[in-house]
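> Next comes query_12.cif, mmCIF, C-alpha atoms:
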data_structure
#
loop_
_atom_site.label_atom_id
_atom_site.label_comp_id
_atom_site.auth_asym_id
_atom_site.auth_seq_id
_atom_site.Cartn_x
_atom_site.Cartn_y
_atom_site.Cartn_z
CA MET A 1389 -13.00 -11.96 27.44
CA SER A 1390 -12.53 -8.47 28.82
CA GLY A 1391 -10.49 -5.52 27.58
CA LYS A 1392 -11.05 -2.44 25.50
CA MET A 1393 -12.48 -1.76 22.07
CA THR A 1394 -11.37 1.38 20.25
CA VAL A 1395 -13.10 3.01 17.30
CA ARG A 1396 -11.03 5.42 15.23
CA PHE A 1397 -12.56 7.35 12.36
CA ARG A 1398 -10.24 7.35 9.36
CA GLY A 1399 -12.81 8.82 6.97
CA VAL A 1400 -16.11 10.52 7.81
CA ARG A 1401 -17.34 12.12 4.57
CA GLY A 1402 -19.91 10.94 2.09
CA SER A 1403 -19.90 11.15 -1.71
CA ILE A 1404 -16.45 12.65 -2.29
CA PRO A 1405 -13.37 13.66 -0.25
CA ALA A 1406 -13.59 17.23 1.00
CA PRO A 1407 -10.09 18.49 1.90
CA SER A 1408 -10.36 22.06 3.12
CA PRO A 1409 -9.04 24.24 5.96
CA GLN A 1410 -12.69 24.67 7.01
CA ASN A 1411 -13.01 20.90 7.47
CA MET A 1412 -9.86 20.23 9.50
CA ARG A 1413 -11.57 19.43 12.80
CA TYR A 1414 -13.93 16.74 11.50
CA GLY A 1415 -11.87 15.68 8.50
CA GLY A 1416 -12.33 15.34 4.75
CA ASN A 1417 -11.73 11.67 3.90
CA THR A 1418 -14.48 9.30 2.80
CA SER A 1419 -15.83 6.37 4.80
CA CYS A 1420 -13.34 4.24 6.70
CA VAL A 1421 -13.49 3.19 10.36
CA GLU A 1422 -10.83 1.31 12.31
CA VAL A 1423 -12.03 -0.98 15.12
CA ARG A 1424 -9.66 -2.78 17.48
CA SER A 1425 -10.37 -5.23 20.30
CA ASN A 1426 -8.09 -7.68 22.09
CA ASN A 1427 -5.27 -7.29 19.57
CA GLN A 1428 -7.55 -7.70 16.53
CA LEU A 1429 -8.08 -5.18 13.73
CA LEU A 1430 -11.36 -4.75 11.88
CA ILE A 1431 -11.76 -2.12 9.14
CA LEU A 1432 -15.18 -0.86 8.07
CA ASP A 1433 -15.23 0.28 4.43
CA ALA A 1434 -12.38 1.38 2.19
CA GLY A 1435 -12.92 5.05 1.43
CA SER A 1436 -10.02 7.47 1.01
CA GLY A 1437 -9.29 7.30 4.75
CA LEU A 1438 -7.89 3.81 4.19
CA ARG A 1439 -4.68 5.19 2.65
CA LEU A 1440 -3.20 6.71 5.80
CA LEU A 1441 -4.31 3.72 7.87
CA GLY A 1442 -2.36 1.46 5.51
CA ASP A 1443 0.76 3.60 5.78
CA GLU A 1444 0.58 3.47 9.58
CA LEU A 1445 0.04 -0.30 9.60
CA LEU A 1446 3.21 -0.84 7.58
CA ARG A 1447 5.21 1.49 9.80
CA ASP A 1448 3.97 -0.09 13.03
CA ALA A 1449 4.43 -3.65 11.74
CA GLN A 1450 8.19 -3.04 11.39
CA ALA A 1451 8.57 -5.56 8.53
CA ASN A 1452 6.22 -8.09 10.18
CA PRO A 1453 3.13 -9.25 8.24
CA VAL A 1454 0.06 -7.05 8.43
CA GLU A 1455 -3.20 -8.87 9.09
CA ALA A 1456 -6.63 -7.26 9.09
CA THR A 1457 -10.26 -7.94 8.25
CA LEU A 1458 -12.10 -5.49 5.97
CA LEU A 1459 -15.91 -5.35 5.90
CA LEU A 1460 -17.40 -3.65 2.83
CA SER A 1461 -20.90 -2.19 3.12
CA HIS A 1462 -21.34 -1.69 -0.64
CA SER A 1463 -19.42 -0.74 -3.76
CA HIS A 1464 -20.24 2.94 -4.24
CA TRP A 1465 -17.04 4.75 -5.02
CA ASP A 1466 -16.70 6.68 -1.77
CA HIS A 1467 -16.59 3.35 0.10
CA ILE A 1468 -13.95 1.58 -2.02
CA GLN A 1469 -11.81 4.35 -3.58
CA GLY A 1470 -9.08 4.03 -0.94
CA LEU A 1471 -8.29 0.38 -1.70
CA PRO A 1472 -5.94 1.02 -4.68
CA PHE A 1473 -3.86 3.24 -2.35
CA PHE A 1474 -3.79 0.75 0.56
CA ALA A 1475 -0.08 -0.09 0.64
CA PRO A 1476 -0.30 -3.31 2.72
CA GLY A 1477 -2.44 -4.83 -0.03
CA TYR A 1478 0.50 -4.96 -2.45
CA LEU A 1479 2.74 -7.16 -0.29
CA ALA A 1480 2.22 -10.93 -0.51
CA LYS A 1481 3.36 -11.51 3.09
CA ASN A 1482 0.31 -9.59 4.36
CA ARG A 1483 -3.16 -11.05 4.79
CA ILE A 1484 -6.09 -8.71 4.30
CA THR A 1485 -9.34 -10.68 4.45
CA ILE A 1486 -12.36 -8.98 2.83
CA PHE A 1487 -16.00 -9.73 3.61
CA GLY A 1488 -19.30 -8.56 2.20
CA ALA A 1489 -22.89 -9.46 2.96
CA CYS A 1490 -24.35 -12.82 2.04
CA GLY A 1491 -25.03 -12.87 -1.71
CA ARG A 1492 -22.92 -9.77 -2.44
CA GLY A 1493 -19.42 -11.23 -2.66
CA GLU A 1494 -19.21 -11.59 -6.43
CA GLN A 1495 -20.57 -8.10 -7.05
CA LEU A 1496 -18.13 -6.54 -4.60
CA GLN A 1497 -15.17 -8.43 -6.07
CA ARG A 1498 -16.13 -7.25 -9.57
CA ALA A 1499 -16.44 -3.63 -8.40
CA LEU A 1500 -13.01 -3.69 -6.77
CA ALA A 1501 -11.47 -5.07 -9.95
CA GLU A 1502 -13.29 -2.67 -12.28
CA GLN A 1503 -12.10 0.46 -10.48
CA MET A 1504 -8.54 -0.74 -11.13
CA THR A 1505 -8.89 -1.44 -14.85
CA PRO A 1506 -6.59 0.52 -17.21
CA SER A 1507 -9.36 3.03 -17.94
CA HIS A 1508 -9.36 4.11 -14.30
CA PHE A 1509 -6.07 3.08 -12.68
CA PRO A 1510 -2.58 2.06 -13.86
CA VAL A 1511 -2.29 -1.02 -11.61
CA SER A 1512 -4.70 -3.97 -11.57
CA LEU A 1513 -6.31 -5.57 -8.54
CA GLU A 1514 -4.32 -8.74 -9.31
CA GLU A 1515 -1.17 -6.86 -8.27
CA MET A 1516 -2.51 -6.53 -4.73
CA HIS A 1517 -1.10 -9.86 -3.55
CA GLY A 1518 -1.88 -9.16 0.11
CA LEU A 1519 -5.63 -9.10 -0.51
CA GLU A 1520 -7.78 -12.20 -0.45
CA LYS A 1521 -10.86 -12.46 -2.65
CA VAL A 1522 -14.09 -11.18 -1.16
CA ARG A 1523 -15.83 -13.70 1.08
CA GLU A 1524 -19.42 -13.59 2.27
CA LEU A 1525 -20.62 -13.23 5.83
CA SER A 1526 -23.33 -15.49 7.14
CA LYS A 1527 -26.89 -14.33 6.57
CA TYR A 1528 -27.33 -14.26 10.33
CA THR A 1529 -24.30 -14.22 12.63
CA THR A 1530 -20.58 -14.53 11.85
CA THR A 1531 -17.83 -14.97 14.43
CA LEU A 1532 -14.54 -13.31 13.48
CA GLU A 1533 -12.33 -14.23 16.42
CA ASN A 1534 -13.10 -11.60 19.09
CA PHE A 1535 -15.95 -10.03 17.10
CA VAL A 1536 -19.47 -11.25 16.41
CA VAL A 1537 -20.83 -9.61 13.25
CA ARG A 1538 -24.49 -9.33 12.29
CA THR A 1539 -25.80 -7.70 9.11
CA ILE A 1540 -28.91 -5.90 7.89
CA GLN A 1541 -29.85 -4.43 4.53
CA LEU A 1542 -30.30 -0.66 4.52
CA ASN A 1543 -32.42 1.72 2.45
CA HIS A 1544 -29.98 2.93 -0.20
CA PRO A 1545 -29.98 2.90 -4.03
CA GLY A 1546 -28.11 -0.21 -5.18
CA GLY A 1547 -28.14 -1.64 -1.67
CA CYS A 1548 -25.98 -1.16 1.40
CA THR A 1549 -25.21 -3.44 4.34
CA GLY A 1550 -25.29 -2.30 7.93
CA PHE A 1551 -23.10 -4.06 10.49
CA ARG A 1552 -23.61 -4.72 14.19
CA ILE A 1553 -20.30 -5.65 15.81
CA GLU A 1554 -20.27 -7.19 19.26
CA SER A 1555 -17.31 -7.90 21.52
CA ALA A 1556 -16.79 -8.22 25.26
CA PRO A 1557 -16.00 -4.51 25.78
CA GLY A 1558 -19.16 -3.35 24.00
CA HIS A 1559 -21.38 -3.31 20.95
CA ILE A 1560 -21.35 -0.90 18.01
CA ALA A 1561 -23.52 -0.54 14.92
CA TYR A 1562 -22.32 0.91 11.61
CA LEU A 1563 -25.04 2.12 9.21
CA PRO A 1564 -23.04 4.13 6.67
CA ASP A 1565 -25.57 4.90 3.90
CA HIS A 1566 -29.22 4.81 4.90
CA GLU A 1567 -32.31 6.85 4.07
CA PRO A 1568 -35.11 6.90 6.65
CA TYR A 1569 -37.99 4.58 5.85
CA GLY A 1570 -41.14 6.45 4.89
CA SER A 1571 -44.70 5.68 5.97
CA ASN A 1572 -45.58 3.75 2.80
CA GLY A 1573 -45.77 0.27 4.25
CA THR A 1574 -42.19 0.09 5.56
CA ASN A 1575 -42.98 0.11 9.29
CA SER A 1576 -41.78 -3.49 9.59
CA ALA A 1577 -38.44 -2.56 8.04
CA GLN A 1578 -38.08 0.37 10.42
CA GLN A 1579 -38.87 -1.81 13.42
CA ALA A 1580 -36.37 -4.41 12.26
CA LEU A 1581 -33.72 -1.68 12.10
CA VAL A 1582 -34.61 -0.47 15.59
CA GLU A 1583 -34.17 -3.99 16.93
CA PHE A 1584 -30.92 -4.42 15.01
CA VAL A 1585 -29.29 -1.47 16.80
CA ARG A 1586 -31.12 -2.02 20.10
CA GLY A 1587 -28.96 -1.06 23.09
CA VAL A 1588 -25.64 -0.60 21.30
CA ASP A 1589 -22.99 1.49 23.02
CA LEU A 1590 -22.20 3.38 19.81
CA LEU A 1591 -24.31 3.92 16.69
CA ILE A 1592 -22.40 5.27 13.68
CA LEU A 1593 -25.19 6.49 11.41
CA ASP A 1594 -25.52 8.24 8.05
CA THR A 1595 -26.79 11.71 8.95
CA GLN A 1596 -25.82 13.62 5.83
CA TYR A 1597 -28.69 16.12 5.80
CA THR A 1598 -30.56 18.49 8.04
CA ALA A 1599 -34.34 18.23 7.97
CA GLN A 1600 -34.55 21.12 5.49
CA GLU A 1601 -31.90 19.62 3.18
CA TYR A 1602 -33.52 16.20 3.26
CA ASP A 1603 -36.84 17.63 2.05
CA GLN A 1604 -35.06 18.48 -1.22
CA ARG A 1605 -33.22 15.14 -1.45
CA VAL A 1606 -35.80 12.45 -0.77
CA GLY A 1607 -34.78 9.29 -2.60
CA TRP A 1608 -31.07 10.11 -2.65
CA GLY A 1609 -30.38 7.38 -0.10
CA HIS A 1610 -29.05 9.32 2.87
CA GLY A 1611 -30.09 10.18 6.40
CA SER A 1612 -31.66 13.19 8.04
CA LEU A 1613 -30.91 14.60 11.47
CA PRO A 1614 -34.34 14.17 13.14
CA ALA A 1615 -34.69 10.60 11.86
CA SER A 1616 -31.23 9.67 13.17
CA VAL A 1617 -31.97 10.99 16.64
CA LEU A 1618 -35.37 9.27 16.70
CA LEU A 1619 -33.89 5.92 15.66
CA ALA A 1620 -31.22 6.14 18.35
CA ILE A 1621 -33.73 7.04 21.07
CA ASP A 1622 -36.24 4.38 20.02
CA ALA A 1623 -33.48 1.73 20.13
CA GLY A 1624 -32.06 2.80 23.49
CA VAL A 1625 -28.65 3.58 21.99
CA ARG A 1626 -26.09 5.01 24.41
CA ARG A 1627 -24.20 7.25 21.98
CA LEU A 1628 -25.05 8.43 18.46
CA CYS A 1629 -22.20 9.43 16.16
CA LEU A 1630 -23.35 11.41 13.12
CA PHE A 1631 -21.54 10.08 10.05
CA HIS A 1632 -21.21 10.38 6.25
CA HIS A 1633 -20.95 14.16 6.45
CA ASP A 1634 -21.97 16.10 3.37
CA PRO A 1635 -18.89 17.42 1.54
CA SER A 1636 -20.37 20.94 1.67
CA HIS A 1637 -20.72 20.93 5.47
CA ASP A 1638 -17.76 22.61 7.15
CA ASP A 1639 -16.78 22.36 10.81
CA GLN A 1640 -19.11 25.15 11.90
CA TYR A 1641 -22.06 23.62 10.09
CA LEU A 1642 -21.42 20.23 11.68
CA ASP A 1643 -21.15 21.88 15.11
CA HIS A 1644 -24.61 23.33 14.50
CA MET A 1645 -25.97 19.91 13.48
CA VAL A 1646 -24.63 18.40 16.71
CA GLU A 1647 -26.27 21.18 18.74
CA THR A 1648 -29.58 20.59 16.94
CA ALA A 1649 -29.37 16.84 17.51
CA ARG A 1650 -28.66 17.32 21.21
CA ALA A 1651 -31.66 19.60 21.50
CA LEU A 1652 -33.84 16.95 19.85
CA ALA A 1653 -32.51 14.38 22.33
CA VAL A 1654 -33.32 16.42 25.46
CA GLY A 1655 -35.22 14.28 27.93
CA SER A 1656 -33.46 11.09 26.85
CA SER A 1657 -30.14 9.60 27.98
CA LEU A 1658 -28.74 9.70 24.43
CA MET A 1659 -25.31 11.27 23.91
CA VAL A 1660 -24.62 12.80 20.49
CA GLU A 1661 -21.35 13.56 18.69
CA ALA A 1662 -20.28 13.93 15.07
CA ALA A 1663 -17.66 11.54 13.74
CA SER A 1664 -14.25 13.23 13.64
CA GLU A 1665 -10.91 12.07 12.28
CA THR A 1666 -9.22 13.71 15.29
CA GLU A 1667 -10.80 11.54 17.99
CA ILE A 1668 -10.99 7.94 19.14
CA VAL A 1669 -13.96 6.38 20.92
CA SER A 1670 -13.04 3.81 23.56
CA LEU A 1671 -15.37 1.19 25.06
CA ILE A 1672 -14.00 -0.34 28.25
CA SER A 1673 -15.26 -3.54 29.87
CA ALA A 1674 -16.88 -3.05 33.25
CA ASN A 1675 -18.17 -5.51 35.83
CA VAL A 1676 -20.55 -8.24 34.73
CA GLY A 1677 -24.06 -6.90 34.44
CA VAL A 1678 -22.96 -3.27 34.13
CA ILE A 1679 -23.18 -1.42 30.81
CA SER A 1680 -19.70 -0.81 29.43
CA GLU A 1681 -18.12 2.57 30.08
CA MET A 1682 -17.46 4.88 27.12
CA GLU A 1683 -14.81 7.55 26.71
CA LEU A 1684 -14.08 10.10 24.00
CA PHE A 1685 -10.52 11.41 23.99
CA PRO A 1686 -8.01 13.07 21.66
CA ILE A 1687 -6.27 11.06 18.99
CA ARG A 1688 -3.10 9.18 19.91
CA GLU A 1689 -0.86 6.55 18.37
CA ILE A 1690 -2.11 2.96 18.46
CA GLY A 1691 0.22 0.02 18.05
CA HIS A 1692 -0.37 -2.45 15.25
CA ALA A 1693 -2.85 -5.26 15.95
CA ALA A 1694 -3.40 -8.30 13.80
CA ALA A 1695 -6.59 -10.20 12.99
CA THR A 1696 -7.58 -13.04 10.77
CA ALA A 1697 -10.80 -14.96 10.29
CA ASP A 1698 -12.37 -17.66 8.22
CA CYS A 1699 -16.08 -17.73 7.53
CA PRO A 1700 -18.02 -20.22 5.39
CA VAL A 1701 -20.05 -18.79 2.57
CA ALA A 1702 -23.68 -18.62 3.71
#
Could you write out this structure as structure tokens?

Amino acid sequence: MSGKMTVRFRGVRGSIPAPSPQNMRYGGNTSCVEVRSNNQLLILDAGSGLRLLGDELLRDAQANPVEATLLLSHSHWDHIQGLPFFAPGYLAKNRITIFGACGRGEQLQRALAEQMTPSHFPVSLEEMHGLEKVRELSKYTTTLENFVVRTIQLNHPGGCTGFRIESAPGHIAYLPDHEPYGSNGTNSAQQALVEFVRGVDLLILDTQYTAQEYDQRVGWGHGSLPASVLLAIDAGVRRLCLFHHDPSHDDQYLDHMVETARALAVGSSLMVEAASETEIVSLISANVGVISEMELFPIREIGHAAATADCPVA
């Protein structure tokens, strides 16, 4: 199947939303990525960026049911805090299917419910009649209509799942919270990660810290700029998109991080950008045997697309 896959960043921050005039170009919402291919909608994580996406889905649906598949990487607050404000979830006619990694479904379901208990929120998760209970992806490969989804466990306190998403137009990898593996016997884990993202068209990777910042934050569970560039080069990635921006990093600081990353990548074919809520990445199918073409262009309106999938518990 040919066509186009679009990746739109709805939330790019880590830890906490960072609304500020100094952050307007890259954005201040927490992790949420919208992926569309062949009239199917896949949502990666449910940070604060999910709210505006939900509002647009209802508007574009024009009273028709909204269908989407949501993949949750883990239950830290900045990755689920948008769900209580996701308007399509409150309407029973809608179908929002939620998936987590194999063995994590019950924990994710509990976390979603607990953040909407009376101590934290005035409405319970049970009132979100458009949401289905969290299902589990296969331990290996799961087919969700036009997408093939693979998972890997990342290096993050409490655990985090990385996703590789493959479709005819191209392949992307989403590693939202990940600290580089050290040299203390984790070479096999690092090599497994390299192979997991091998040759993807787009790698969305936690790069919260510069090298100097990371030296003061070892063990916090987040990425560093040199390690991100090295991983992308080692894996033959086409484009690296720095993600999970630190809330203290304004537009100018992120510009500097991109410049530093590009300097580190000199001599390779790697392209480097920083995830921005004002842009869409588009992967377009090319001829058989030719690597898919990639574009980066200003944000525009996208019509509503529907997706649904069933996956047996692994």
> Run through the PyMOL selection byres ((chain A and resi 1628) around 8) on the given coordinates and return the selected residues as a list in words.
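Listing what the PyMOL selection byres ((chain A and resi 1628) around 8) selects in the shown file: Leu1590, Leu1591, Ile1592, Leu1593, Val1617, Ala1620, Val1625, Arg1626, Arg1627, Cys1629, Leu1630, Leu1658, Met1659, Val1660 and Glu1661 of chain A.
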> Please provide the set of residues having any atom within 12 Å of A:Val1454, restricted to only C-alpha atoms, with same-chain residues fewer than 3 positions apart removed, written as a PyMOL selection string.
chain A and resi 1428-1429+1441-1451+1457+1474-1485+1518-1519+1691-1696
> Determine the residue set returned by the PyMOL selection byres ((chain A and resi 1403-1420) around 8) for the present structure, and present it as a PyMOL selection string.
chain A and resi 1397-1402+1421-1422+1431-1438+1465-1467+1564+1632+1634-1639+1662-1666
> Could you please determine the separation between atom CA of A:Glu1515 and atom CA of A:His1464 in Å, to one decimal place?
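Interatomic distance here is 21.8 Å.
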> Hey, which of A:Ala1499, A:Pro1557, A:Thr1549, A:Tyr1602 ends up closest to A:Leu1471? Count all atoms listed in the file.
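Answer, going by the shortest atom-to-atom distance: A:Ala1499.
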> Could you check which of A:Glu1567, A:Glu1583, A:Phe1631, A:Val1646 is closest to A:Arg1605, using all atoms listed in the file?
A:Glu1567
> Run the PyMOL selection byres ((chain A and resi 1394) around 9) mentally over the shown coordinates, then write out the matched residues as an mmCIF file with C-alpha atoms, keeping the file's coordinate frame, using the chain letters and numbers from the document.

data_model
loop_
_atom_site.group_PDB
_atom_site.id
_atom_site.type_symbol
_atom_site.label_atom_id
_atom_site.label_comp_id
_atom_site.auth_asym_id
_atom_site.auth_seq_id
_atom_site.Cartn_x
_atom_site.Cartn_y
_atom_site.Cartn_z
ATOM 1 C CA LYS A 1392 -11.050 -2.440 25.500
ATOM 2 C CA MET A 1393 -12.480 -1.760 22.070
ATOM 3 C CA VAL A 1395 -13.100 3.010 17.300
ATOM 4 C CA ARG A 1396 -11.030 5.420 15.230
ATOM 5 C CA GLU A 1422 -10.830 1.310 12.310
ATOM 6 C CA VAL A 1423 -12.030 -0.980 15.120
ATOM 7 C CA ARG A 1424 -9.660 -2.780 17.480
ATOM 8 C CA SER A 1425 -10.370 -5.230 20.300
ATOM 9 C CA ILE A 1668 -10.990 7.940 19.140
ATOM 10 C CA VAL A 1669 -13.960 6.380 20.920
ATOM 11 C CA SER A 1670 -13.040 3.810 23.560
ATOM 12 C CA LEU A 1671 -15.370 1.190 25.060
ATOM 13 C CA ILE A 1672 -14.000 -0.340 28.250
#
> State, in Å with one decimal place, the distance from atom CA of A:Asn1543 to atom CA of A:Leu1440.
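Spanning atom CA of A:Asn1543 to atom CA of A:Leu1440 is a straight-line distance of 29.8 Å.
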> Which residues come within 12 Å of A:His1566, counting all atoms listed in the file, excluding same-chain residues fewer than 4 positions away, as a CSV table (one decimal) with C-alpha atoms, keeping the file's coordinate frame?

chain,number,residue,atom,x,y,z
A,1402,GLY,CA,-19.9,10.9,2.1
A,1461,SER,CA,-20.9,-2.2,3.1
A,1462,HIS,CA,-21.3,-1.7,-0.6
A,1540,ILE,CA,-28.9,-5.9,7.9
A,1541,GLN,CA,-29.8,-4.4,4.5
A,1542,LEU,CA,-30.3,-0.7,4.5
A,1543,ASN,CA,-32.4,1.7,2.4
A,1544,HIS,CA,-30.0,2.9,-0.2
A,1545,PRO,CA,-30.0,2.9,-4.0
A,1546,GLY,CA,-28.1,-0.2,-5.2
A,1547,GLY,CA,-28.1,-1.6,-1.7
A,1548,CYS,CA,-26.0,-1.2,1.4
A,1549,THR,CA,-25.2,-3.4,4.3
A,1550,GLY,CA,-25.3,-2.3,7.9
A,1562,TYR,CA,-22.3,0.9,11.6
A,1578,GLN,CA,-38.1,0.4,10.4
A,1581,LEU,CA,-33.7,-1.7,12.1
A,1592,ILE,CA,-22.4,5.3,13.7
A,1593,LEU,CA,-25.2,6.5,11.4
A,1594,ASP,CA,-25.5,8.2,8.0
A,1595,THR,CA,-26.8,11.7,9.0
A,1596,GLN,CA,-25.8,13.6,5.8
A,1597,TYR,CA,-28.7,16.1,5.8
A,1606,VAL,CA,-35.8,12.4,-0.8
A,1607,GLY,CA,-34.8,9.3,-2.6
A,1608,TRP,CA,-31.1,10.1,-2.6
A,1609,GLY,CA,-30.4,7.4,-0.1
A,1610,HIS,CA,-29.0,9.3,2.9
A,1611,GLY,CA,-30.1,10.2,6.4
A,1612,SER,CA,-31.7,13.2,8.0
A,1613,LEU,CA,-30.9,14.6,11.5
A,1615,ALA,CA,-34.7,10.6,11.9
A,1616,SER,CA,-31.2,9.7,13.2
A,1619,LEU,CA,-33.9,5.9,15.7
A,1631,PHE,CA,-21.5,10.1,10.0
A,1632,HIS,CA,-21.2,10.4,6.2
> What is the atom CA of A:Leu1652 to atom CA of A:Gln1600 distance in Å?
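So the two atoms, atom CA of A:Leu1652 and atom CA of A:Gln1600, lie 15.0 Å apart.
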> At most 7 Å from (-26.0, -5.7, 11.0), file frame, only C-alpha atoms: which residues, as a list of chain:residue names?
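Using only C-alpha atoms, the matching residues come out as A:Val1537, A:Arg1538, A:Thr1539, A:Ile1540, A:Gly1550, A:Phe1551, A:Arg1552, A:Ala1561, A:Phe1584.
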> Can you save stretch 1521-1544 of chain A of the given block to a file, including N, CA and C atoms and formatted as a CSV table (one decimal), in the first residue's frame?

chain,number,residue,atom,x,y,z
A,1521,LYS,N,-10.8,0.1,27.6
A,1521,LYS,CA,-9.7,-0.2,28.6
A,1521,LYS,C,-8.4,-0.5,27.9
A,1522,VAL,N,-7.3,-0.3,28.6
A,1522,VAL,CA,-6.0,-0.5,28.0
A,1522,VAL,C,-5.8,-1.9,27.6
A,1523,ARG,N,-5.4,-2.1,26.3
A,1523,ARG,CA,-5.0,-3.5,25.9
A,1523,ARG,C,-3.5,-3.5,25.8
A,1524,GLU,N,-3.0,-4.7,25.6
A,1524,GLU,CA,-1.5,-4.9,25.5
A,1524,GLU,C,-1.1,-5.3,24.1
A,1525,LEU,N,0.0,-4.7,23.6
A,1525,LEU,CA,0.6,-5.1,22.4
A,1525,LEU,C,1.3,-6.4,22.5
A,1526,SER,N,1.5,-7.1,21.4
A,1526,SER,CA,2.3,-8.3,21.4
A,1526,SER,C,3.7,-8.0,21.9
A,1527,LYS,N,4.3,-9.0,22.4
A,1527,LYS,CA,5.7,-8.8,22.9
A,1527,LYS,C,6.7,-8.6,21.7
A,1528,TYR,N,6.2,-9.0,20.5
A,1528,TYR,CA,7.1,-8.9,19.3
A,1528,TYR,C,6.6,-7.9,18.3
A,1529,THR,N,5.6,-8.3,17.5
A,1529,THR,CA,5.1,-7.4,16.5
A,1529,THR,C,3.6,-7.4,16.5
A,1530,THR,N,3.0,-6.2,16.4
A,1530,THR,CA,1.5,-6.1,16.4
A,1530,THR,C,1.1,-5.3,15.1
A,1531,THR,N,0.1,-5.9,14.4
A,1531,THR,CA,-0.4,-5.2,13.2
A,1531,THR,C,-1.7,-4.4,13.6
A,1532,LEU,N,-1.6,-3.1,13.4
A,1532,LEU,CA,-2.8,-2.2,13.6
A,1532,LEU,C,-3.2,-1.6,12.3
A,1533,GLU,N,-4.0,-2.4,11.5
A,1533,GLU,CA,-4.4,-2.0,10.2
A,1533,GLU,C,-3.2,-1.6,9.3
A,1534,ASN,N,-3.0,-0.3,9.0
A,1534,ASN,CA,-1.9,0.1,8.1
A,1534,ASN,C,-0.5,0.2,8.8
A,1535,PHE,N,-0.5,0.0,10.1
A,1535,PHE,CA,0.7,0.2,10.9
A,1535,PHE,C,1.2,-1.2,11.4
A,1536,VAL,N,2.5,-1.4,11.4
A,1536,VAL,CA,3.1,-2.5,12.2
A,1536,VAL,C,3.9,-1.9,13.3
A,1537,VAL,N,3.6,-2.3,14.5
A,1537,VAL,CA,4.2,-1.7,15.7
A,1537,VAL,C,5.1,-2.8,16.4
A,1538,ARG,N,6.3,-2.3,16.7
A,1538,ARG,CA,7.2,-3.2,17.5
A,1538,ARG,C,7.6,-2.4,18.7
A,1539,THR,N,8.0,-3.0,19.8
A,1539,THR,CA,8.3,-2.4,21.1
A,1539,THR,C,9.6,-2.8,21.6
A,1540,ILE,N,10.2,-1.9,22.5
A,1540,ILE,CA,11.4,-2.2,23.2
A,1540,ILE,C,11.4,-1.4,24.5
A,1541,GLN,N,12.0,-2.0,25.5
A,1541,GLN,CA,12.0,-1.4,26.8
A,1541,GLN,C,13.2,-0.4,26.9
A,1542,LEU,N,13.0,0.8,27.4
A,1542,LEU,CA,14.0,1.8,27.4
A,1542,LEU,C,14.6,2.0,28.8
A,1543,ASN,N,15.6,2.7,28.9
A,1543,ASN,CA,16.3,2.9,30.2
A,1543,ASN,C,15.8,4.2,30.9
A,1544,HIS,N,14.7,3.9,31.8
A,1544,HIS,CA,14.1,5.0,32.4
A,1544,HIS,C,13.5,4.6,33.7
